[in-house]
$ cat input-v7.pdb   # PDB, C-alpha atoms
ATOM      1  CA  MET A   1       7.535  -9.201 -13.361
ATOM      2  CA  ASP A   2       6.541  -6.679 -15.976
ATOM      3  CA  GLY A   3       7.810  -3.148 -16.455
ATOM      4  CA  VAL A   4       5.448  -1.571 -13.943
ATOM      5  CA  SER A   5       7.081  -3.525 -11.125
ATOM      6  CA  VAL A   6       9.998  -1.065 -10.905
ATOM      7  CA  GLN A   7       7.717   1.838 -10.031
ATOM      8  CA  PRO A   8       7.265   2.701  -6.337
ATOM      9  CA  LEU A   9       3.819   2.862  -4.755
ATOM     10  CA  THR A  10       2.321   0.568  -7.401
ATOM     11  CA  ARG A  11       1.124  -2.975  -7.658
ATOM     12  CA  ALA A  12       4.012  -5.309  -8.515
ATOM     13  CA  GLU A  13       2.375  -7.774 -10.875
ATOM     14  CA  GLN A  14       3.456 -11.402 -10.663
ATOM     15  CA  ASN A  15       4.020 -13.698 -13.620
ATOM     16  CA  PHE A  16       3.018 -17.036 -12.121
ATOM     17  CA  SER A  17       4.071 -19.004 -15.199
ATOM     18  CA  ALA A  18       7.624 -17.660 -15.252
ATOM     19  CA  PRO A  19      10.575 -19.751 -14.092
ATOM     20  CA  GLY A  20      11.139 -19.511 -10.372
ATOM     21  CA  PRO A  21      10.570 -21.164  -7.001
ATOM     22  CA  PRO A  22       7.066 -22.323  -5.995
ATOM     23  CA  ILE A  23       6.819 -19.603  -3.361
ATOM     24  CA  VAL A  24       6.680 -17.096  -6.244
ATOM     25  CA  THR A  25       5.270 -19.000  -9.232
ATOM     26  CA  ARG A  26       2.662 -21.708  -9.758
ATOM     27  CA  ARG A  27       4.449 -25.050 -10.250
ATOM     28  CA  ARG A  28       3.225 -28.489 -11.236
ATOM     29  CA  VAL A  29       4.307 -31.580  -9.338
ATOM     30  CA  VAL A  30       5.963 -34.620 -10.888
ATOM     31  CA  GLN A  31       5.654 -36.961  -7.878
ATOM     32  CA  ARG A  32       3.994 -37.139  -4.469
ATOM     33  CA  LEU A  33       5.249 -34.624  -1.932
ATOM     34  CA  GLN A  34       7.723 -35.728   0.717
ATOM     35  CA  LEU A  35       9.776 -33.978   3.361
ATOM     36  CA  LYS A  36      13.446 -33.786   2.361
ATOM     37  CA  ARG A  37      14.691 -31.298   4.980
ATOM     38  CA  ASN A  38      13.027 -29.648   7.933
ATOM     39  CA  VAL A  39      14.482 -26.200   7.302
ATOM     40  CA  PRO A  40      12.430 -24.441  10.031
ATOM     41  CA  LEU A  41      13.813 -26.965  12.535
ATOM     42  CA  GLU A  42      17.366 -26.173  11.421
ATOM     43  CA  GLU A  43      16.665 -22.451  11.771
ATOM     44  CA  PHE A  44      15.171 -22.946  15.235
ATOM     45  CA  ARG A  45      18.128 -24.963  16.483
ATOM     46  CA  PHE A  46      20.601 -22.410  15.128
ATOM     47  CA  SER A  47      18.723 -19.400  16.527
ATOM     48  CA  SER A  48      18.096 -21.034  19.891
ATOM     49  CA  GLY A  49      21.817 -21.540  20.291
ATOM     50  CA  LEU A  50      22.378 -17.791  19.973
ATOM     51  CA  ALA A  51      19.331 -16.315  21.695
ATOM     52  CA  ASN A  52      18.609 -15.827  25.387
ATOM     53  CA  LYS A  53      14.881 -15.379  24.748
ATOM     54  CA  PRO A  54      12.285 -17.763  23.241
ATOM     55  CA  VAL A  55      12.619 -18.095  19.475
ATOM     56  CA  LYS A  56       9.697 -17.827  17.069
ATOM     57  CA  VAL A  57       9.728 -19.909  13.864
ATOM     58  CA  THR A  58       7.798 -19.142  10.672
ATOM     59  CA  VAL A  59       6.247 -21.872   8.495
ATOM     60  CA  LEU A  60       4.391 -21.491   5.201
ATOM     61  CA  SER A  61       0.600 -21.876   5.299
ATOM     62  CA  ALA A  62      -1.387 -24.544   3.484
ATOM     63  CA  ASP A  63      -3.323 -21.774   1.738
ATOM     64  CA  ARG A  64      -0.160 -20.221   0.343
ATOM     65  CA  ILE A  65       1.078 -23.595  -0.880
ATOM     66  CA  SER A  66      -2.250 -24.383  -2.540
ATOM     67  CA  GLN A  67      -2.235 -21.083  -4.435
ATOM     68  CA  ARG A  68       1.188 -21.922  -5.846
ATOM     69  CA  PHE A  69       0.140 -25.433  -6.953
ATOM     70  CA  ASP A  70      -0.468 -25.806 -10.693
ATOM     71  CA  TRP A  71      -3.168 -28.425 -10.262
ATOM     72  CA  GLU A  72      -4.244 -28.300 -13.912
ATOM     73  CA  HIS A  73      -0.974 -29.924 -15.014
ATOM     74  CA  SER A  74      -0.543 -32.244 -12.022
ATOM     75  CA  MET A  75      -3.551 -34.549 -12.251
ATOM     76  CA  SER A  76      -1.430 -37.566 -13.098
ATOM     77  CA  VAL A  77      -0.018 -37.277  -9.557
ATOM     78  CA  TYR A  78      -2.873 -35.682  -7.605
ATOM     79  CA  PRO A  79      -6.426 -36.060  -8.922
ATOM     80  CA  ASP A  80      -7.627 -32.943  -7.096
ATOM     81  CA  MET A  81      -6.672 -30.229  -4.633
ATOM     82  CA  GLU A  82      -7.988 -32.223  -1.683
ATOM     83  CA  ALA A  83      -5.512 -35.023  -2.323
ATOM     84  CA  PHE A  84      -2.671 -32.534  -2.696
ATOM     85  CA  LEU A  85      -3.554 -30.692   0.512
ATOM     86  CA  ALA A  86      -3.787 -33.958   2.432
ATOM     87  CA  ASP A  87      -0.069 -34.456   1.801
ATOM     88  CA  VAL A  88       0.664 -30.793   2.571
ATOM     89  CA  ILE A  89      -1.085 -31.187   5.936
ATOM     90  CA  GLU A  90       0.751 -34.406   6.764
ATOM     91  CA  ILE A  91       4.167 -32.945   5.935
ATOM     92  CA  SER A  92       3.444 -29.651   7.698
ATOM     93  CA  ARG A  93       2.419 -31.547  10.835
ATOM     94  CA  GLN A  94       5.657 -33.495  10.672
ATOM     95  CA  ILE A  95       7.552 -30.199  10.539
ATOM     96  CA  MET A  96       5.511 -28.875  13.481
ATOM     97  CA  GLY A  97       5.970 -32.020  15.520
ATOM     98  CA  GLU A  98       9.744 -31.936  15.171
ATOM     99  CA  LEU A  99       9.792 -28.242  16.086
ATOM    100  CA  VAL A 100       7.711 -28.847  19.202
ATOM    101  CA  GLN A 101       9.863 -31.807  20.189
ATOM    102  CA  ALA A 102      12.928 -29.537  19.903
ATOM    103  CA  GLY A 103      11.338 -27.055  22.329
ATOM    104  CA  CYS A 104       9.705 -24.491  20.028
ATOM    105  CA  ARG A 105       6.633 -22.961  21.669
ATOM    106  CA  TYR A 106       5.724 -20.148  19.272
ATOM    107  CA  ILE A 107       5.119 -20.919  15.591
ATOM    108  CA  GLN A 108       3.928 -18.319  13.095
ATOM    109  CA  ILE A 109       2.160 -19.401   9.926
ATOM    110  CA  ASP A 110       2.934 -17.128   6.981
ATOM    111  CA  ALA A 111      -0.325 -16.794   5.045
ATOM    112  CA  PRO A 112      -0.237 -13.741   2.769
ATOM    113  CA  GLY A 113      -2.425 -15.522   0.224
ATOM    114  CA  TYR A 114      -5.631 -14.999   2.197
ATOM    115  CA  THR A 115      -5.794 -11.398   1.005
ATOM    116  CA  ALA A 116      -6.207 -12.815  -2.513
ATOM    117  CA  TYR A 117      -9.833 -13.464  -1.525
ATOM    118  CA  VAL A 118     -10.517  -9.705  -1.466
ATOM    119  CA  ASP A 119      -8.311  -8.842  -4.450
ATOM    120  CA  GLU A 120     -10.245  -8.636  -7.711
ATOM    121  CA  VAL A 121      -7.263  -9.503  -9.918
ATOM    122  CA  SER A 122      -6.552 -12.642  -7.879
ATOM    123  CA  LEU A 123     -10.225 -13.602  -7.791
ATOM    124  CA  ASP A 124     -10.499 -13.231 -11.572
ATOM    125  CA  ARG A 125      -7.462 -15.505 -12.017
ATOM    126  CA  MET A 126      -9.000 -18.177  -9.777
ATOM    127  CA  ARG A 127     -12.291 -18.079 -11.668
ATOM    128  CA  ALA A 128     -10.477 -18.194 -15.018
ATOM    129  CA  ARG A 129      -8.921 -21.503 -13.892
ATOM    130  CA  GLY A 130     -12.369 -22.863 -13.056
ATOM    131  CA  GLU A 131     -11.954 -22.454  -9.309
ATOM    132  CA  ASP A 132     -14.563 -21.273  -6.801
ATOM    133  CA  PRO A 133     -12.861 -18.709  -4.512
ATOM    134  CA  ASP A 134     -15.329 -19.355  -1.670
ATOM    135  CA  LYS A 135     -14.575 -23.078  -1.758
ATOM    136  CA  ASN A 136     -10.844 -22.374  -2.025
ATOM    137  CA  MET A 137     -10.958 -20.213   1.093
ATOM    138  CA  ALA A 138     -13.052 -22.673   3.097
ATOM    139  CA  ARG A 139     -10.719 -25.535   2.138
ATOM    140  CA  SER A 140      -7.665 -23.479   3.094
ATOM    141  CA  ILE A 141      -9.051 -22.502   6.503
ATOM    142  CA  ALA A 142      -9.779 -26.166   7.228
ATOM    143  CA  ALA A 143      -6.293 -27.178   6.080
ATOM    144  CA  ASP A 144      -4.494 -24.495   8.090
ATOM    145  CA  ASN A 145      -6.495 -25.534  11.161
ATOM    146  CA  ALA A 146      -5.660 -29.198  10.610
ATOM    147  CA  VAL A 147      -1.944 -28.398  10.491
ATOM    148  CA  ILE A 148      -1.911 -26.996  14.053
ATOM    149  CA  GLU A 149      -4.451 -29.291  15.693
ATOM    150  CA  GLY A 150      -3.402 -31.121  18.839
ATOM    151  CA  PHE A 151      -0.136 -29.319  19.648
ATOM    152  CA  ASP A 152      -0.925 -28.372  23.237
ATOM    153  CA  GLY A 153       1.187 -25.727  24.928
ATOM    154  CA  VAL A 154       2.207 -24.108  21.627
ATOM    155  CA  THR A 155       1.155 -20.596  20.603
ATOM    156  CA  PHE A 156       0.287 -20.338  16.919
ATOM    157  CA  GLY A 157       0.154 -17.049  15.062
ATOM    158  CA  ILE A 158      -0.919 -16.475  11.470
ATOM    159  CA  HIS A 159       0.321 -13.534   9.407
ATOM    160  CA  LEU A 160      -1.855 -11.867   6.758
ATOM    161  CA  CYS A 161      -0.603  -9.176   4.376
ATOM    162  CA  ARG A 162      -0.887  -7.981   0.790
ATOM    163  CA  GLY A 163       2.643  -8.855  -0.217
ATOM    164  CA  ASN A 164       5.970  -7.386   0.820
ATOM    165  CA  PRO A 165       7.723  -6.261  -2.400
ATOM    166  CA  ARG A 166       9.852  -3.140  -2.468
ATOM    167  CA  THR A 167      11.670  -1.174  -5.116
ATOM    168  CA  ILE A 168      14.162   1.674  -5.330
ATOM    169  CA  ASP A 169      12.651   5.038  -6.145
ATOM    170  CA  PRO A 170      14.656   6.232  -9.199
ATOM    171  CA  ALA A 171      14.058   9.850  -8.169
ATOM    172  CA  THR A 172      15.441   9.576  -4.624
ATOM    173  CA  GLY A 173      17.353   6.281  -4.452
ATOM    174  CA  LYS A 174      15.311   5.310  -1.374
ATOM    175  CA  VAL A 175      13.549   1.998  -0.720
ATOM    176  CA  MET A 176       9.837   2.424  -1.399
ATOM    177  CA  PRO A 177       6.774   0.188  -0.979
ATOM    178  CA  GLN A 178       4.960  -1.899  -3.532
ATOM    179  CA  TRP A 179       2.302  -4.596  -3.097
ATOM    180  CA  HIS A 180       0.876  -7.714  -4.763
ATOM    181  CA  ARG A 181      -2.778  -7.496  -3.714
ATOM    182  CA  GLU A 182      -5.371  -4.859  -2.900
ATOM    183  CA  GLY A 183      -8.532  -4.865  -0.824
ATOM    184  CA  HIS A 184      -9.641  -4.460   2.784
ATOM    185  CA  TYR A 185     -10.201  -7.177   5.388
ATOM    186  CA  ASP A 186     -13.932  -6.412   5.543
ATOM    187  CA  GLY A 187     -14.868  -9.001   2.913
ATOM    188  CA  ILE A 188     -13.160 -11.920   4.675
ATOM    189  CA  ALA A 189     -12.801 -10.886   8.326
ATOM    190  CA  GLU A 190     -15.859 -12.614   9.754
ATOM    191  CA  ARG A 191     -15.082 -15.970   8.121
ATOM    192  CA  LEU A 192     -11.337 -15.751   8.583
ATOM    193  CA  PHE A 193     -10.931 -14.307  12.074
ATOM    194  CA  SER A 194     -13.555 -16.598  13.585
ATOM    195  CA  GLY A 195     -12.740 -19.628  11.430
ATOM    196  CA  LEU A 196      -8.996 -19.854  12.020
ATOM    197  CA  LYS A 197      -7.985 -21.536  15.283
ATOM    198  CA  HIS A 198      -4.689 -19.690  15.621
ATOM    199  CA  HIS A 199      -4.080 -17.695  18.801
ATOM    200  CA  ARG A 200      -2.547 -14.599  17.173
ATOM    201  CA  LEU A 201      -3.730 -12.773  14.058
ATOM    202  CA  LEU A 202      -0.849 -10.676  12.695
ATOM    203  CA  LEU A 203      -2.433  -8.089  10.411
ATOM    204  CA  GLU A 204      -1.023  -5.575   7.934
ATOM    205  CA  TYR A 205      -2.100  -2.073   8.937
ATOM    206  CA  ASP A 206       0.768   0.192   7.894
ATOM    207  CA  ASP A 207      -1.059   2.389   5.376
ATOM    208  CA  GLU A 208      -4.484   3.390   4.093
ATOM    209  CA  ARG A 209      -4.672   0.398   1.734
ATOM    210  CA  SER A 210      -5.398  -1.793   4.754
ATOM    211  CA  GLY A 211      -8.715  -0.086   5.395
ATOM    212  CA  SER A 212     -10.253   0.665   8.775
ATOM    213  CA  PHE A 213     -10.011  -1.211  12.055
ATOM    214  CA  ALA A 214     -13.730  -2.075  11.927
ATOM    215  CA  PRO A 215     -13.097  -5.738  10.913
ATOM    216  CA  LEU A 216     -11.409  -6.257  14.306
ATOM    217  CA  ARG A 217     -14.895  -6.611  15.773
ATOM    218  CA  PHE A 218     -14.902 -10.143  14.372
ATOM    219  CA  VAL A 219     -11.841 -11.222  16.405
ATOM    220  CA  PRO A 220     -13.035 -13.779  19.013
ATOM    221  CA  PRO A 221     -12.288 -13.154  22.701
ATOM    222  CA  ASP A 222      -9.642 -15.904  22.820
ATOM    223  CA  LYS A 223      -7.414 -14.305  20.150
ATOM    224  CA  ILE A 224      -4.935 -11.430  20.022
ATOM    225  CA  ALA A 225      -4.873  -9.093  17.019
ATOM    226  CA  VAL A 226      -1.305  -7.976  16.361
ATOM    227  CA  LEU A 227      -1.410  -4.671  14.502
ATOM    228  CA  GLY A 228       1.295  -4.320  11.854
ATOM    229  CA  LEU A 229       1.454  -0.542  12.150
ATOM    230  CA  VAL A 230       5.201  -0.224  11.563
ATOM    231  CA  THR A 231       6.112  -0.567   7.911
ATOM    232  CA  THR A 232       8.967  -2.718   6.653
ATOM    233  CA  LYS A 233       8.943  -1.023   3.249
ATOM    234  CA  ARG A 234      10.375   2.422   3.918
ATOM    235  CA  SER A 235      12.869   3.935   6.344
ATOM    236  CA  ASP A 236      10.671   6.685   7.769
ATOM    237  CA  LEU A 237      10.317   6.117  11.517
ATOM    238  CA  GLU A 238       6.727   6.060  12.757
ATOM    239  CA  PRO A 239       6.151   8.755  15.440
ATOM    240  CA  LEU A 240       5.330   7.421  18.889
ATOM    241  CA  ASP A 241       2.209   9.569  19.131
ATOM    242  CA  LEU A 242       0.958   8.188  15.809
ATOM    243  CA  LEU A 243       1.288   4.603  17.023
ATOM    244  CA  ARG A 244      -0.508   5.444  20.256
ATOM    245  CA  ARG A 245      -3.350   7.116  18.349
ATOM    246  CA  ARG A 246      -3.659   4.195  15.944
ATOM    247  CA  VAL A 247      -3.873   1.655  18.772
ATOM    248  CA  ASP A 248      -6.459   3.891  20.449
ATOM    249  CA  GLU A 249      -8.497   3.867  17.211
ATOM    250  CA  ALA A 250      -8.274   0.065  17.037
ATOM    251  CA  SER A 251      -9.378  -0.253  20.675
ATOM    252  CA  LYS A 252     -12.762   1.187  19.697
ATOM    253  CA  HIS A 253     -13.410  -2.106  17.880
ATOM    254  CA  LEU A 254     -11.453  -4.570  20.044
ATOM    255  CA  ALA A 255     -10.380  -4.318  23.675
ATOM    256  CA  VAL A 256      -6.848  -3.007  24.095
ATOM    257  CA  GLU A 257      -6.041  -6.165  26.091
ATOM    258  CA  GLN A 258      -6.565  -8.104  22.851
ATOM    259  CA  LEU A 259      -4.256  -5.877  20.829
ATOM    260  CA  ALA A 260      -0.507  -5.991  20.254
ATOM    261  CA  LEU A 261       1.994  -4.208  18.008
ATOM    262  CA  SER A 262       4.478  -5.455  15.410
ATOM    263  CA  PRO A 263       6.095  -4.661  12.058
ATOM    264  CA  GLN A 264       3.758  -5.052   9.090
ATOM    265  CA  CYS A 265       5.782  -7.958   7.661
ATOM    266  CA  GLY A 266       9.386  -9.163   7.604
ATOM    267  CA  PHE A 267      12.242  -6.785   6.902
ATOM    268  CA  GLY A 268      13.789  -9.229   4.428
ATOM    269  CA  GLY A 269      12.379 -10.316   1.102
ATOM    270  CA  LEU A 270      12.836 -12.412  -2.000
ATOM    271  CA  ASP A 271      13.817  -9.355  -4.022
ATOM    272  CA  HIS A 272      16.716  -8.619  -1.602
ATOM    273  CA  ILE A 273      15.694  -4.948  -1.471
ATOM    274  CA  ALA A 274      15.488  -3.848   2.148
ATOM    275  CA  ILE A 275      15.713  -0.685   4.189
ATOM    276  CA  PRO A 276      19.079  -0.148   5.948
ATOM    277  CA  GLU A 277      19.711  -2.345   8.978
ATOM    278  CA  ALA A 278      20.119   0.661  11.274
ATOM    279  CA  ASP A 279      16.617   1.812  10.300
ATOM    280  CA  GLN A 280      15.250  -1.652  10.982
ATOM    281  CA  TRP A 281      16.651  -1.549  14.530
ATOM    282  CA  ARG A 282      15.188   1.928  15.087
ATOM    283  CA  LYS A 283      11.786   0.595  14.128
ATOM    284  CA  PHE A 284      12.106  -2.325  16.554
ATOM    285  CA  GLU A 285      13.107   0.094  19.298
ATOM    286  CA  ARG A 286      10.105   2.303  18.503
ATOM    287  CA  ILE A 287       7.798  -0.739  18.740
ATOM    288  CA  LEU A 288       9.173  -1.522  22.208
ATOM    289  CA  GLU A 289       8.837   2.109  23.234
ATOM    290  CA  ALA A 290       5.234   2.236  22.029
ATOM    291  CA  ALA A 291       4.315  -1.075  23.626
ATOM    292  CA  HIS A 292       5.685   0.089  26.984
ATOM    293  CA  ALA A 293       3.777   3.365  26.721
ATOM    294  CA  ILE A 294       0.491   1.721  25.740
ATOM    295  CA  TRP A 295       0.390  -1.480  27.776
ATOM    296  CA  SER A 296       2.591  -0.793  30.805
TER     297      SER A 296
END
$ encode --input "input-v7.pdb" --output "C-alpha cells"
Amino acid sequence: MDGVSVQPLTRAEQNFSAPGPPIVTRRRVVQRLQLKRNVPLEEFRFSSGLANKPVKVTVLSADRISQRFDWEHSMSVYPDMEAFLADVIEISRQIMGELVQAGCRYIQIDAPGYTAYVDEVSLDRMRARGEDPDKNMARSIAADNAVIEGFDGVTFGIHLCRGNPRTIDPATGKVMPQWHREGHYDGIAERLFSGLKHHRLLLEYDDERSGSFAPLRFVPPDKIAVLGLVTTKRSDLEPLDLLRRRVDEASKHLAVEQLALSPQCGFGGLDHIAIPEADQWRKFERILEAAHAIWS
C-alpha cells in the first residue's frame, strides 16, 4: 500500500508485487496445486455445531484466484492460464463435494475481482501484462460455472464488490470506507448476470459509486439479486425508509420477488479494521426489519 491508502473515501491502491498472501498479491507457483486442507469444510463443521439455522460457507472464486496468479513467472509449472485454472477447478470441486457431503446446502462464491473488468486501472494492468480482459472474463465465467456444475440441491451465490478496505479517519477516529476498484456494473452486467449459473447475485449497492439499478434488467428470471444496500464500512445505521425506497427503485428494473437485501460485503477484513460489533448487530437487525417490512 502507498501513502494514499490511509486516507478515507479514497482508492486504496494495491501493490501486487509486495510480500503477502496470494489473496492480496500476485504470486508465482513453484509446483502443481494440491489441496492441503479443506478450510471451508472445517469452518462449516464448527459453525454447524453452534448454529440452529442452516450455515452458509464462502469459497474463493476461480476468477479471483486467476487474478492473483503470476503466470509470467510460473510457466515452468503451468504453460498457460488454462492449465492453471484446470487445477483450480478440480480442487475447488473437491472442496465443494466435501462440503455438500457434510450437509452444506448454501455456498457463496466470493468474486470481487469481476469488478476489475470495469475498472480502468485494473484493465490497464491486464493489458500491460499482455492479457486480453475480454478473454480473461470469458474464461473466468466458464471456470466459475464449472466449479459448481452438477451439485444438485445446493444453492450457489456469487458476491461481487469493489473491495472492502477501511481506514480510520484521522480527523474523527471513526472507521471510514475505502475501495480497490471503480466503475459501474453496466459494462459487464449483460455478460455476467446472464453468463453465471449461480442462483444468487450478491451485489454491492451501498453508495453512489455502484451506479444505478438499471443493470438489474439483465438478471434472468431464475436468479435472485441480493442488494448490498447496508454498508460494512461505516457505523452509520441506514434508515428503514431509505432501504424501502432503494428497494422500490430497484423493483422498477427487476421484480421485487427477485430481490433480496444484505450487507454490502463482510464486516471483517484483512486489514483488521472494522466497525464496532454492536454497530454490526444493529445493521443486521435493520436488515431483518426492512426485509419484514418489504416482503412480508
$ atom_distance --input "input-v7.pdb" --atom1 "CA of Ile89 (chain A)" --atom2 "CA of Ala143 (chain A)"
6.6 Å
$ atom_distance --input "input-v7.pdb" --atom1 "CA of Arg286 (chain A)" --atom2 "CA of His180 (chain A)"
27.0 Å
$ atom_distance --input "input-v7.pdb" --atom1 "CA of Gln178 (chain A)" --atom2 "CA of Lys56 (chain A)"
26.5 Å
$ resolve_selection --input "input-v7.pdb" --expression "the PyMOL selection byres ((chain A and resi 49-55) around 10)" --output "PyMOL selection string"
chain A and resi 43-48+56-57+103-107
$ resolve_selection --input "input-v7.pdb" --expression "the PyMOL selection byres ((chain A and resi 265) around 9)" --output "list in words"
His159, Leu160, Cys161, Gly163, Asn164, Leu202, Leu203, Glu204, Gly228, Val230, Thr231, Thr232, Lys233, Ser262, Pro263, Gln264, Gly266, Phe267 and Gly268 of chain A
$ write_last_selection --input "input-v7.pdb" --atoms "C-alpha atoms" --output "PDB file, in the frame of the given file"
ATOM      1  CA  HIS A 159       0.321 -13.534   9.407  1.00  0.00           C
ATOM      2  CA  LEU A 160      -1.855 -11.867   6.758  1.00  0.00           C
ATOM      3  CA  CYS A 161      -0.603  -9.176   4.376  1.00  0.00           C
ATOM      4  CA  GLY A 163       2.643  -8.855  -0.217  1.00  0.00           C
ATOM      5  CA  ASN A 164       5.970  -7.386   0.820  1.00  0.00           C
ATOM      6  CA  LEU A 202      -0.849 -10.676  12.695  1.00  0.00           C
ATOM      7  CA  LEU A 203      -2.433  -8.089  10.411  1.00  0.00           C
ATOM      8  CA  GLU A 204      -1.023  -5.575   7.934  1.00  0.00           C
ATOM      9  CA  GLY A 228       1.295  -4.320  11.854  1.00  0.00           C
ATOM     10  CA  VAL A 230       5.201  -0.224  11.563  1.00  0.00           C
ATOM     11  CA  THR A 231       6.112  -0.567   7.911  1.00  0.00           C
ATOM     12  CA  THR A 232       8.967  -2.718   6.653  1.00  0.00           C
ATOM     13  CA  LYS A 233       8.943  -1.023   3.249  1.00  0.00           C
ATOM     14  CA  SER A 262       4.478  -5.455  15.410  1.00  0.00           C
ATOM     15  CA  PRO A 263       6.095  -4.661  12.058  1.00  0.00           C
ATOM     16  CA  GLN A 264       3.758  -5.052   9.090  1.00  0.00           C
ATOM     17  CA  GLY A 266       9.386  -9.163   7.604  1.00  0.00           C
ATOM     18  CA  PHE A 267      12.242  -6.785   6.902  1.00  0.00           C
ATOM     19  CA  GLY A 268      13.789  -9.229   4.428  1.00  0.00           C
TER      20      GLY A 268
END
$ residues_around --input "input-v7.pdb" --residues "region 30-40 of chain A" --least-positions-apart "2" --cutoff "12 Å" --atoms "all atoms listed in the file" --output "ChimeraX atom specification"
/A:27-28,42-48,55-60,65,69-71,73-79,83-100,102,104,107-109
$ residues_around --input "input-v7.pdb" --residues "region 117-126 of chain A" --least-positions-apart "6" --cutoff "10 Å" --atoms "all atoms listed in the file" --output "short mmCIF file (atom, residue, chain, number, x, y, z; two decimals) with C-alpha atoms, in the frame of the given file"
data_model
loop_
_atom_site.label_atom_id
_atom_site.label_comp_id
_atom_site.auth_asym_id
_atom_site.auth_seq_id
_atom_site.Cartn_x
_atom_site.Cartn_y
_atom_site.Cartn_z
CA GLU A 13 2.38 -7.77 -10.88
CA GLN A 67 -2.24 -21.08 -4.43
CA ASP A 132 -14.56 -21.27 -6.80
CA PRO A 133 -12.86 -18.71 -4.51
CA ASP A 134 -15.33 -19.36 -1.67
CA ASN A 136 -10.84 -22.37 -2.02
CA MET A 137 -10.96 -20.21 1.09
CA ARG A 162 -0.89 -7.98 0.79
CA HIS A 180 0.88 -7.71 -4.76
CA ARG A 181 -2.78 -7.50 -3.71
CA GLU A 182 -5.37 -4.86 -2.90
CA GLY A 183 -8.53 -4.86 -0.82
CA HIS A 184 -9.64 -4.46 2.78
CA TYR A 185 -10.20 -7.18 5.39
CA ASP A 186 -13.93 -6.41 5.54
CA GLY A 187 -14.87 -9.00 2.91
CA ILE A 188 -13.16 -11.92 4.68
#
$ closest_residue --input "input-v7.pdb" --among "A:Val154, A:Leu237, A:Ile294, A:Leu243" --to "Glu257 (chain A)" --atoms "only C-alpha atoms"
A:Ile294
$ closest_residue --input "input-v7.pdb" --among "A:Arg282, A:Arg217, A:Arg200, A:Ile141" --to "Pro239 (chain A)" --atoms "all atoms listed in the file"
A:Arg282
$ axis_aligned_box --input "input-v7.pdb" --around "region 229-239 of chain A" --padding-each-side "3 Å" --output "JSON"
{"center_x": 7.2, "center_y": 3.0, "center_z": 9.3, "size_x": 17.4, "size_y": 17.5, "size_z": 18.2}
$ decode --input "input-v7.pdb" --residues "region 216-257 of chain A" --atoms "C-alpha atoms" --output "PDB file, in the first residue's frame"
ATOM      1  CA  LEU A 216     -30.615  -5.414 -12.899  1.00  0.00           C
ATOM      2  CA  ARG A 217     -32.670  -5.721 -16.080  1.00  0.00           C
ATOM      3  CA  PHE A 218     -30.129  -8.303 -17.226  1.00  0.00           C
ATOM      4  CA  VAL A 219     -30.800 -10.642 -14.269  1.00  0.00           C
ATOM      5  CA  PRO A 220     -32.508 -13.792 -15.658  1.00  0.00           C
ATOM      6  CA  PRO A 221     -35.860 -14.881 -14.200  1.00  0.00           C
ATOM      7  CA  ASP A 222     -34.308 -17.854 -12.376  1.00  0.00           C
ATOM      8  CA  LYS A 223     -31.940 -15.718 -10.261  1.00  0.00           C
ATOM      9  CA  ILE A 224     -32.255 -13.529  -7.172  1.00  0.00           C
ATOM     10  CA  ALA A 225     -30.395 -10.215  -6.981  1.00  0.00           C
ATOM     11  CA  VAL A 226     -29.323  -9.573  -3.396  1.00  0.00           C
ATOM     12  CA  LEU A 227     -28.884  -5.834  -2.931  1.00  0.00           C
ATOM     13  CA  GLY A 228     -25.962  -4.906  -0.683  1.00  0.00           C
ATOM     14  CA  LEU A 229     -27.562  -1.677   0.498  1.00  0.00           C
ATOM     15  CA  VAL A 230     -26.221  -1.810   4.057  1.00  0.00           C
ATOM     16  CA  THR A 231     -22.591  -0.775   4.257  1.00  0.00           C
ATOM     17  CA  THR A 232     -19.970  -2.683   6.219  1.00  0.00           C
ATOM     18  CA  LYS A 233     -17.536   0.237   6.097  1.00  0.00           C
ATOM     19  CA  ARG A 234     -19.035   2.791   8.463  1.00  0.00           C
ATOM     20  CA  SER A 235     -21.144   2.709  11.616  1.00  0.00           C
ATOM     21  CA  ASP A 236     -23.970   4.968  10.463  1.00  0.00           C
ATOM     22  CA  LEU A 237     -27.215   2.982  10.571  1.00  0.00           C
ATOM     23  CA  GLU A 238     -29.199   3.052   7.333  1.00  0.00           C
ATOM     24  CA  PRO A 239     -32.732   4.460   7.910  1.00  0.00           C
ATOM     25  CA  LEU A 240     -35.547   1.993   7.327  1.00  0.00           C
ATOM     26  CA  ASP A 241     -37.321   4.363   4.951  1.00  0.00           C
ATOM     27  CA  LEU A 242     -34.147   4.714   2.875  1.00  0.00           C
ATOM     28  CA  LEU A 243     -33.851   0.950   2.449  1.00  0.00           C
ATOM     29  CA  ARG A 244     -37.505   0.689   1.469  1.00  0.00           C
ATOM     30  CA  ARG A 245     -37.108   3.468  -1.105  1.00  0.00           C
ATOM     31  CA  ARG A 246     -33.963   1.899  -2.540  1.00  0.00           C
ATOM     32  CA  VAL A 247     -35.630  -1.499  -2.957  1.00  0.00           C
ATOM     33  CA  ASP A 248     -38.593   0.266  -4.573  1.00  0.00           C
ATOM     34  CA  GLU A 249     -36.184   1.934  -7.033  1.00  0.00           C
ATOM     35  CA  ALA A 250     -34.588  -1.434  -7.837  1.00  0.00           C
ATOM     36  CA  SER A 251     -38.012  -3.020  -8.395  1.00  0.00           C
ATOM     37  CA  LYS A 252     -38.500  -0.735 -11.399  1.00  0.00           C
ATOM     38  CA  HIS A 253     -35.832  -2.819 -13.160  1.00  0.00           C
ATOM     39  CA  LEU A 254     -36.391  -6.258 -11.594  1.00  0.00           C
ATOM     40  CA  ALA A 255     -39.476  -7.713  -9.932  1.00  0.00           C
ATOM     41  CA  VAL A 256     -39.452  -7.334  -6.160  1.00  0.00           C
ATOM     42  CA  GLU A 257     -39.894 -11.122  -5.896  1.00  0.00           C
TER      43      GLU A 257
END
